[in-house]
$ cat model_16.tsv   # TSV, C-alpha atoms
chain	number	residue	atom	x	y	z
A	1	MET	CA	11.35	-13.28	21.07
A	2	ASP	CA	9.00	-11.79	18.48
A	3	ASP	CA	10.98	-10.68	15.42
A	4	ASN	CA	8.44	-7.94	14.67
A	5	LYS	CA	9.06	-6.12	17.95
A	6	GLY	CA	11.19	-3.01	17.94
A	7	TYR	CA	14.93	-3.63	18.12
A	8	GLU	CA	17.51	-1.42	19.75
A	9	SER	CA	20.87	-1.12	17.99
A	10	SER	CA	23.70	-3.43	19.04
A	11	ALA	CA	24.59	-0.98	21.83
A	12	SER	CA	21.73	-2.59	23.80
A	13	ARG	CA	23.34	-6.02	23.83
A	14	ALA	CA	26.80	-7.25	24.69
A	15	PRO	CA	28.93	-6.53	21.61
A	16	THR	CA	31.00	-9.21	19.95
A	17	ALA	CA	34.19	-8.67	17.96
A	18	GLU	CA	32.22	-9.09	14.76
A	19	SER	CA	29.26	-6.88	15.63
A	20	SER	CA	30.84	-4.15	17.77
A	21	PHE	CA	30.85	-1.63	14.90
A	22	VAL	CA	27.44	-0.27	14.00
A	23	ASN	CA	26.84	2.23	11.23
A	24	SER	CA	26.68	5.65	12.88
A	25	ILE	CA	23.42	6.38	11.07
A	26	ILE	CA	21.56	3.76	13.11
A	27	VAL	CA	23.22	3.99	16.52
A	28	ASN	CA	20.71	4.73	19.29
A	29	GLN	CA	17.76	4.50	16.95
A	30	HIS	CA	14.83	2.25	17.70
A	31	LEU	CA	14.66	-0.16	14.75
A	32	THR	CA	12.94	-3.36	13.83
A	33	LYS	CA	15.25	-6.34	13.72
A	34	SER	CA	14.83	-6.59	9.95
A	35	THR	CA	15.82	-2.95	9.45
A	36	PHE	CA	18.81	-3.37	11.74
A	37	ALA	CA	19.90	-6.46	9.77
A	38	TYR	CA	19.47	-4.56	6.50
A	39	HIS	CA	21.67	-1.65	7.61
A	40	GLU	CA	24.37	-3.93	9.00
A	41	MET	CA	24.46	-6.22	5.97
A	42	ARG	CA	24.48	-3.23	3.61
A	43	ARG	CA	27.45	-1.81	5.51
A	44	MET	CA	29.25	-5.17	5.38
A	45	ILE	CA	28.80	-5.33	1.60
A	46	LEU	CA	29.84	-1.73	0.95
A	47	GLU	CA	32.89	-2.01	3.21
A	48	GLY	CA	34.02	-5.27	1.62
A	49	GLU	CA	33.39	-7.57	4.57
A	50	LEU	CA	31.08	-9.53	2.28
A	51	GLU	CA	32.78	-9.97	-1.10
A	52	PRO	CA	31.16	-9.99	-4.57
A	53	GLY	CA	29.97	-13.52	-5.36
A	54	GLN	CA	30.04	-14.61	-1.71
A	55	ARG	CA	27.14	-16.80	-0.64
A	56	LEU	CA	25.12	-15.43	2.25
A	57	VAL	CA	24.73	-18.19	4.84
A	58	LEU	CA	21.70	-17.17	6.88
A	59	ARG	CA	22.64	-18.95	10.10
A	60	ASP	CA	26.16	-17.53	10.06
A	61	ILE	CA	24.98	-13.94	9.55
A	62	ALA	CA	22.18	-14.35	12.09
A	63	GLY	CA	24.70	-15.57	14.66
A	64	GLN	CA	27.07	-12.72	13.88
A	65	LEU	CA	24.33	-10.11	14.36
A	66	GLY	CA	22.68	-11.84	17.31
A	67	LEU	CA	19.39	-12.33	15.47
A	68	SER	CA	17.13	-15.12	14.32
A	69	ILE	CA	17.01	-16.12	10.65
A	70	GLN	CA	13.77	-14.34	9.68
A	71	PRO	CA	15.15	-10.76	9.94
A	72	ILE	CA	18.10	-11.87	7.78
A	73	ARG	CA	15.69	-13.15	5.12
A	74	ASP	CA	13.82	-9.83	5.24
A	75	ALA	CA	17.08	-7.89	4.96
A	76	ILE	CA	18.15	-9.93	1.93
A	77	LYS	CA	14.93	-9.01	0.14
A	78	MET	CA	15.65	-5.32	0.79
A	79	LEU	CA	19.24	-5.72	-0.40
A	80	GLU	CA	17.96	-7.36	-3.59
A	81	ARG	CA	15.91	-4.20	-4.27
A	82	ASP	CA	19.12	-2.18	-3.82
A	83	GLY	CA	20.88	-4.35	-6.39
A	84	LEU	CA	23.44	-5.52	-3.82
A	85	VAL	CA	22.28	-9.13	-3.53
A	86	ASP	CA	21.14	-11.71	-6.09
A	87	SER	CA	19.14	-14.84	-5.39
A	88	GLU	CA	20.28	-17.85	-7.40
A	89	SER	CA	18.35	-21.11	-7.54
A	90	HIS	CA	21.41	-23.30	-7.01
A	91	ARG	CA	23.32	-21.10	-4.55
A	92	GLY	CA	20.75	-19.12	-2.62
A	93	ALA	CA	21.51	-15.45	-1.95
A	94	VAL	CA	24.91	-14.10	-3.06
A	95	VAL	CA	26.51	-10.68	-3.04
A	96	THR	CA	26.02	-9.16	-6.49
A	97	GLN	CA	28.99	-9.19	-8.83
A	98	ILE	CA	29.21	-6.00	-10.87
A	99	SER	CA	30.36	-6.37	-14.45
A	100	GLY	CA	32.67	-3.98	-16.25
A	101	ASN	CA	29.81	-2.81	-18.42
A	102	THR	CA	27.70	-2.06	-15.35
A	103	ILE	CA	30.55	-0.08	-13.80
A	104	LEU	CA	30.72	2.09	-16.90
A	105	GLU	CA	26.95	2.55	-17.06
A	106	LEU	CA	26.71	3.57	-13.40
A	107	ILE	CA	29.59	6.02	-13.68
A	108	ALA	CA	28.12	7.50	-16.87
A	109	VAL	CA	24.73	8.07	-15.22
A	110	ARG	CA	26.21	9.36	-11.97
A	111	MET	CA	28.39	11.91	-13.73
A	112	TRP	CA	25.50	13.18	-15.86
A	113	LEU	CA	23.79	13.85	-12.54
A	114	GLU	CA	26.95	15.56	-11.30
A	115	ILE	CA	26.86	17.93	-14.27
A	116	LEU	CA	23.30	18.86	-13.26
A	117	ALA	CA	24.33	19.15	-9.60
A	118	THR	CA	27.22	21.44	-10.51
A	119	GLU	CA	24.94	23.69	-12.53
A	120	GLN	CA	22.55	23.93	-9.57
A	121	ALA	CA	25.32	24.38	-7.00
A	122	VAL	CA	27.45	27.17	-8.49
A	123	PRO	CA	25.04	30.09	-7.89
A	124	ALA	CA	24.19	28.77	-4.39
A	125	HIS	CA	27.76	28.51	-3.09
A	126	THR	CA	28.91	30.87	-0.34
A	127	GLN	CA	32.38	32.00	0.67
A	128	ASP	CA	32.39	29.33	3.39
A	129	SER	CA	31.28	26.53	1.09
A	130	ILE	CA	33.80	27.56	-1.58
A	131	ARG	CA	36.51	27.48	1.09
A	132	ALA	CA	35.40	23.93	1.95
A	133	VAL	CA	35.70	22.96	-1.73
A	134	GLN	CA	39.20	24.43	-1.94
A	135	GLU	CA	40.25	22.57	1.21
A	136	ALA	CA	38.89	19.32	-0.26
A	137	LEU	CA	40.89	19.99	-3.43
A	138	GLU	CA	44.07	20.49	-1.37
A	139	THR	CA	43.42	17.25	0.50
A	140	ALA	CA	43.00	15.39	-2.79
A	141	ASP	CA	46.32	16.87	-3.96
A	142	MET	CA	48.06	15.57	-0.84
A	143	GLU	CA	46.56	12.08	-1.18
A	144	LEU	CA	47.54	11.93	-4.84
A	145	ALA	CA	51.12	12.91	-3.94
A	146	ARG	CA	51.21	10.02	-1.46
A	147	ARG	CA	50.20	7.65	-4.28
A	148	GLY	CA	47.47	6.00	-2.25
A	149	GLY	CA	44.84	4.82	-4.72
A	150	LEU	CA	42.02	4.15	-2.26
A	151	ALA	CA	42.85	7.21	-0.14
A	152	TYR	CA	42.76	9.38	-3.26
A	153	SER	CA	39.45	7.75	-4.28
A	154	GLN	CA	38.01	8.76	-0.90
A	155	ALA	CA	39.38	12.31	-1.21
A	156	ASN	CA	38.01	12.48	-4.76
A	157	ARG	CA	34.54	11.58	-3.53
A	158	ARG	CA	34.68	14.17	-0.72
A	159	LEU	CA	35.73	16.82	-3.25
A	160	HIS	CA	32.82	16.03	-5.54
A	161	GLU	CA	30.44	16.13	-2.58
A	162	ALA	CA	31.78	19.56	-1.57
A	163	ILE	CA	31.41	20.89	-5.12
A	164	GLU	CA	27.81	19.67	-5.31
A	165	ALA	CA	26.78	20.41	-1.71
A	166	PRO	CA	24.29	23.24	-2.51
A	167	ALA	CA	22.52	21.24	-5.23
A	168	SER	CA	19.02	19.88	-4.66
A	169	PRO	CA	18.72	17.09	-2.06
A	170	LEU	CA	17.12	14.71	-4.57
A	171	VAL	CA	19.95	15.04	-7.10
A	172	ARG	CA	22.57	14.65	-4.36
A	173	GLN	CA	20.82	11.55	-3.01
A	174	LEU	CA	20.75	9.93	-6.45
A	175	ILE	CA	24.47	10.67	-6.83
A	176	SER	CA	25.20	9.27	-3.37
A	177	ASP	CA	23.27	6.08	-4.13
A	178	SER	CA	25.34	5.59	-7.28
A	179	TRP	CA	28.62	6.19	-5.42
A	180	GLU	CA	27.67	3.61	-2.78
A	181	HIS	CA	26.66	1.04	-5.36
A	182	LEU	CA	30.17	1.16	-6.82
A	183	TRP	CA	32.15	1.92	-3.67
A	184	ARG	CA	32.88	-1.73	-2.90
A	185	GLU	CA	34.36	-2.08	-6.39
A	186	ARG	CA	36.56	0.96	-5.79
A	187	ARG	CA	37.79	-0.63	-2.56
A	188	ARG	CA	38.69	-3.78	-4.50
A	189	MET	CA	40.19	-2.08	-7.56
A	190	SER	CA	40.79	1.64	-7.42
A	191	LEU	CA	40.86	3.36	-10.82
A	192	PHE	CA	43.80	5.41	-9.62
A	193	GLU	CA	45.83	2.26	-8.98
A	194	LEU	CA	44.77	0.48	-12.16
A	195	GLU	CA	45.42	3.52	-14.36
A	196	PRO	CA	48.26	5.67	-12.89
A	197	THR	CA	47.66	8.61	-15.24
A	198	ALA	CA	44.03	8.96	-14.13
A	199	GLY	CA	44.81	10.73	-10.84
A	200	PRO	CA	46.89	13.63	-12.23
A	201	ALA	CA	44.40	14.08	-15.08
A	202	ALA	CA	41.49	14.13	-12.62
A	203	GLN	CA	43.21	16.76	-10.48
A	204	ARG	CA	43.77	19.04	-13.49
A	205	GLU	CA	40.08	18.72	-14.31
A	206	HIS	CA	39.12	19.33	-10.67
A	207	ILE	CA	41.14	22.56	-10.68
A	208	ALA	CA	39.23	23.77	-13.74
A	209	ILE	CA	35.89	22.96	-12.09
A	210	VAL	CA	36.82	24.63	-8.79
A	211	THR	CA	38.23	27.73	-10.53
A	212	ALA	CA	34.99	28.22	-12.46
A	213	LEU	CA	32.97	27.59	-9.30
A	214	ALA	CA	34.97	30.19	-7.35
A	215	ASN	CA	34.34	32.68	-10.17
A	216	GLY	CA	30.61	31.97	-10.07
A	217	ASP	CA	30.70	30.78	-13.67
A	218	ALA	CA	28.12	27.99	-13.85
A	219	LYS	CA	28.51	27.46	-17.61
A	220	SER	CA	32.29	26.94	-17.42
A	221	ALA	CA	31.94	24.75	-14.31
A	222	THR	CA	29.40	22.43	-15.97
A	223	GLN	CA	31.50	22.28	-19.15
A	224	ALA	CA	34.54	21.35	-17.05
A	225	MET	CA	32.52	18.67	-15.24
A	226	ALA	CA	31.38	17.28	-18.61
A	227	ARG	CA	35.00	17.02	-19.76
A	228	HIS	CA	35.82	15.34	-16.45
A	229	ARG	CA	33.03	12.81	-17.10
A	230	ASP	CA	34.39	11.97	-20.55
A	231	SER	CA	37.96	11.47	-19.35
A	232	THR	CA	36.84	9.45	-16.31
A	233	LEU	CA	34.89	7.05	-18.51
A	234	ALA	CA	37.84	6.76	-20.91
A	235	ALA	CA	40.17	5.96	-18.00
A	236	TRP	CA	37.80	3.28	-16.68
A	237	ARG	CA	37.49	1.71	-20.15
A	238	LYS	CA	41.28	1.54	-20.38
A	239	ALA	CA	41.61	0.11	-16.86
A	240	LEU	CA	38.88	-2.51	-17.32
A	241	ALA	CA	40.41	-3.63	-20.60
A	242	LEU	CA	43.45	-4.74	-18.61
A	243	LEU	CA	41.34	-6.99	-16.38
A	244	PRO	CA	40.46	-10.11	-18.42
A	245	GLN	CA	38.92	-11.78	-15.39
A	246	GLN	CA	36.40	-8.95	-14.90
A	247	PRO	CA	32.93	-10.42	-15.73
A	248	HIS	CA	30.96	-8.86	-18.58
$ encode --input "model_16.tsv" --output "structure tokens"
Amino acid sequence: MDDNKGYESSASRAPTAESSFVNSIIVNQHLTKSTFAYHEMRRMILEGELEPGQRLVLRDIAGQLGLSIQPIRDAIKMLERDGLVDSESHRGAVVTQISGNTILELIAVRMWLEILATEQAVPAHTQDSIRAVQEALETADMELARRGGLAYSQANRRLHEAIEAPASPLVRQLISDSWEHLWRERRRMSLFELEPTAGPAAQREHIAIVTALANGDAKSATQAMARHRDSTLAAWRKALALLPQQPH
């Protein structure tokens, strides 16, 4: 079969245990095989099915996705552009390992963008969107009380997304890309498990941000988000210092 012909999502072929889940974004869309492979492999990396440093064996992945090898090669090139895969002369393609310094740099950049997004979002919030923010804050409180590091990380992300929802699409997309780039690391080592004081501190800072947002005070909201950025980076530095095996 020609690899350049359009490819229906895995719903069009008999699913296997490994390939039965397909990212909801691509279900029922008409895709090329290479694009399908890219979306599936990206999902596998971000969800931790493919671990940092793991070698990507083309035949194994092709068999898992029901494809030939060429679309897998094409997908790997796209994943390299995303910074999720590295090609090494002696190992072939491997899932990128993110160093502690890179984690800090990505968080620093992302949260500068979140300060901008907050400034843009405050005057555009409505009663309904503010209610959604407050509900997200309550959910984060509940997850923190349950002491679930990853669950609180997920609630934390949803809260930030609700706060920034009315910001410009471009800024929100850049923030989302940064979240996704680090999400696999958060699944492997949640800040809120590595540094137990980070969760309560984050919630206090979230309350300050949400209070200013509800009052329509963009200046106070952005200042609160800037303080949140500083404390988040400090918490990550402290957590990473306790991980001597983390590559630098």
$ axis_aligned_box --input "model_16.tsv" --around "region 219-225 of chain A" --padding-each-side "8 Å" --output "JSON"
{"center_x": 31.5, "center_y": 23.1, "center_z": -16.7, "size_x": 22.0, "size_y": 24.8, "size_z": 20.8}
$ closest_residue --input "model_16.tsv" --among "A:Ala151, A:Leu242, A:Val122, A:Leu58" --to "Arg73 (chain A)" --atoms "all atoms listed in the file"
A:Leu58
$ atom_distance --input "model_16.tsv" --atom1 "CA of Gly53 (chain A)" --atom2 "CA of Val94 (chain A)"
5.6 Å
$ closest_residue --input "model_16.tsv" --among "A:Arg55, A:His125, A:Arg147, A:Lys238" --to "Glu193 (chain A)" --atoms "all atoms listed in the file"
A:Arg147
$ closest_residue --input "model_16.tsv" --among "A:Asn215, A:Ala208, A:Arg42, A:Glu164" --to "Met111 (chain A)" --atoms "only C-alpha atoms"
A:Glu164
$ closest_residue --input "model_16.tsv" --among "A:Pro71, A:Ile163, A:Gly63, A:Pro196" --to "Ala124 (chain A)" --atoms "all atoms listed in the file"
A:Ile163
$ atom_distance --input "model_16.tsv" --atom1 "CA of Thr232 (chain A)" --atom2 "CA of Met44 (chain A)"
27.2 Å
$ closest_residue --input "model_16.tsv" --among "A:Arg110, A:Arg131, A:Arg158, A:His228" --to "Leu174 (chain A)" --atoms "all atoms listed in the file"
A:Arg110
$ atom_distance --input "model_16.tsv" --atom1 "CA of Ile207 (chain A)" --atom2 "CA of Glu119 (chain A)"
16.3 Å
$ residues_around --input "model_16.tsv" --residues "region 136-140 of chain A" --least-positions-apart "6" --cutoff "9 Å" --atoms "only C-alpha atoms" --output "list in words"
Ala151, Tyr152, Ser153, Gln154, Ala155, Asn156, Arg158, Leu159, His160, Ala162, Gln203, His206, Ile207 and Val210 of chain A
$ write_last_selection --input "model_16.tsv" --atoms "C-alpha atoms" --output "short mmCIF file (atom, residue, chain, number, x, y, z; two decimals), in the frame of the given file"
data_model
loop_
_atom_site.label_atom_id
_atom_site.label_comp_id
_atom_site.auth_asym_id
_atom_site.auth_seq_id
_atom_site.Cartn_x
_atom_site.Cartn_y
_atom_site.Cartn_z
CA ALA A 151 42.85 7.21 -0.14
CA TYR A 152 42.76 9.38 -3.26
CA SER A 153 39.45 7.75 -4.28
CA GLN A 154 38.01 8.76 -0.90
CA ALA A 155 39.38 12.31 -1.21
CA ASN A 156 38.01 12.48 -4.76
CA ARG A 158 34.68 14.17 -0.72
CA LEU A 159 35.73 16.82 -3.25
CA HIS A 160 32.82 16.03 -5.54
CA ALA A 162 31.78 19.56 -1.57
CA GLN A 203 43.21 16.76 -10.48
CA HIS A 206 39.12 19.33 -10.67
CA ILE A 207 41.14 22.56 -10.68
CA VAL A 210 36.82 24.63 -8.79
#
$ residues_around --input "model_16.tsv" --residues "Ile76 (chain A)" --least-positions-apart "2" --cutoff "9 Å" --atoms "all atoms listed in the file" --output "list in words"
Ala37, Tyr38, Met41, Leu56, Pro71, Ile72, Arg73, Asp74, Met78, Leu79, Glu80, Arg81, Leu84, Val85, Asp86, Ser87 and Ala93 of chain A
$ closest_atom_pairs --input "model_16.tsv" --of "region 142-228 of chain A" --to "region 99-106 of chain A" --cutoff "9 Å" --atoms "all atoms listed in the file" --output "tab-separated table"
residue	atom	partner	partner_atom	distance
A:Ser178	CA	A:Leu106	CA	6.6
A:Trp179	CA	A:Leu106	CA	8.6
A:His181	CA	A:Leu106	CA	8.4
A:Leu182	CA	A:Ile103	CA	7.1
A:Glu185	CA	A:Ile103	CA	8.6
$ closest_residue --input "model_16.tsv" --among "A:Gly83, A:Gly92, A:Pro123, A:Gly66" --to "Thr222 (chain A)" --atoms "only C-alpha atoms"
A:Pro123
$ residues_around --input "model_16.tsv" --residues "Trp236 (chain A)" --least-positions-apart "3" --cutoff "8 Å" --atoms "all atoms listed in the file" --output "list in words"
Leu104, Leu191, Glu195, Thr232, Leu233, Ala239 and Leu240 of chain A
$ residues_around --input "model_16.tsv" --residues "Leu113 (chain A)" --least-positions-apart "5" --cutoff "9 Å" --atoms "all atoms listed in the file" --output "list in words"
Ala108, Thr118, Val171, Arg172, Leu174 and Ile175 of chain A
$ build_atoms --input "model_16.tsv" --residues "region 71-88 of chain A" --atoms "N, CA and C atoms" --output "mmCIF file, in the frame of the given file"
data_model
loop_
_atom_site.group_PDB
_atom_site.id
_atom_site.type_symbol
_atom_site.label_atom_id
_atom_site.label_comp_id
_atom_site.auth_asym_id
_atom_site.auth_seq_id
_atom_site.Cartn_x
_atom_site.Cartn_y
_atom_site.Cartn_z
ATOM 1 N N PRO A 71 14.725 -12.124 10.307
ATOM 2 C CA PRO A 71 15.150 -10.760 9.940
ATOM 3 C C PRO A 71 16.232 -10.747 8.862
ATOM 4 N N ILE A 72 17.077 -11.783 8.816
ATOM 5 C CA ILE A 72 18.100 -11.870 7.780
ATOM 6 C C ILE A 72 17.445 -12.074 6.423
ATOM 7 N N ARG A 73 16.431 -12.946 6.380
ATOM 8 C CA ARG A 73 15.690 -13.150 5.120
ATOM 9 C C ARG A 73 15.058 -11.845 4.657
ATOM 10 N N ASP A 74 14.454 -11.104 5.599
ATOM 11 C CA ASP A 74 13.820 -9.830 5.240
ATOM 12 C C ASP A 74 14.870 -8.847 4.713
ATOM 13 N N ALA A 75 16.021 -8.803 5.367
ATOM 14 C CA ALA A 75 17.080 -7.890 4.960
ATOM 15 C C ALA A 75 17.583 -8.230 3.553
ATOM 16 N N ILE A 76 17.695 -9.509 3.259
ATOM 17 C CA ILE A 76 18.150 -9.930 1.930
ATOM 18 C C ILE A 76 17.196 -9.457 0.851
ATOM 19 N N LYS A 77 15.904 -9.505 1.114
ATOM 20 C CA LYS A 77 14.930 -9.010 0.140
ATOM 21 C C LYS A 77 15.131 -7.518 -0.116
ATOM 22 N N MET A 78 15.399 -6.752 0.952
ATOM 23 C CA MET A 78 15.650 -5.320 0.790
ATOM 24 C C MET A 78 16.943 -5.067 0.026
ATOM 25 N N LEU A 79 17.957 -5.865 0.294
ATOM 26 C CA LEU A 79 19.240 -5.720 -0.400
ATOM 27 C C LEU A 79 19.119 -6.103 -1.876
ATOM 28 N N GLU A 80 18.229 -7.034 -2.185
ATOM 29 C CA GLU A 80 17.960 -7.360 -3.590
ATOM 30 C C GLU A 80 17.396 -6.152 -4.316
ATOM 31 N N ARG A 81 16.490 -5.407 -3.659
ATOM 32 C CA ARG A 81 15.910 -4.200 -4.270
ATOM 33 C C ARG A 81 16.986 -3.137 -4.516
ATOM 34 N N ASP A 82 18.010 -3.134 -3.659
ATOM 35 C CA ASP A 82 19.120 -2.180 -3.820
ATOM 36 C C ASP A 82 20.101 -2.612 -4.907
ATOM 37 N N GLY A 83 19.947 -3.843 -5.400
ATOM 38 C CA GLY A 83 20.880 -4.350 -6.390
ATOM 39 C C GLY A 83 22.186 -4.843 -5.801
ATOM 40 N N LEU A 84 22.217 -5.077 -4.486
ATOM 41 C CA LEU A 84 23.440 -5.520 -3.820
ATOM 42 C C LEU A 84 23.494 -7.021 -3.601
ATOM 43 N N VAL A 85 22.366 -7.686 -3.738
ATOM 44 C CA VAL A 85 22.280 -9.130 -3.530
ATOM 45 C C VAL A 85 21.461 -9.750 -4.654
ATOM 46 N N ASP A 86 21.891 -10.925 -5.108
ATOM 47 C CA ASP A 86 21.140 -11.710 -6.090
ATOM 48 C C ASP A 86 20.733 -13.026 -5.453
ATOM 49 N N SER A 87 19.573 -13.518 -5.826
ATOM 50 C CA SER A 87 19.140 -14.840 -5.390
ATOM 51 C C SER A 87 19.273 -15.799 -6.559
ATOM 52 N N GLU A 88 20.039 -16.864 -6.353
ATOM 53 C CA GLU A 88 20.280 -17.850 -7.400
ATOM 54 C C GLU A 88 19.717 -19.189 -6.954
#
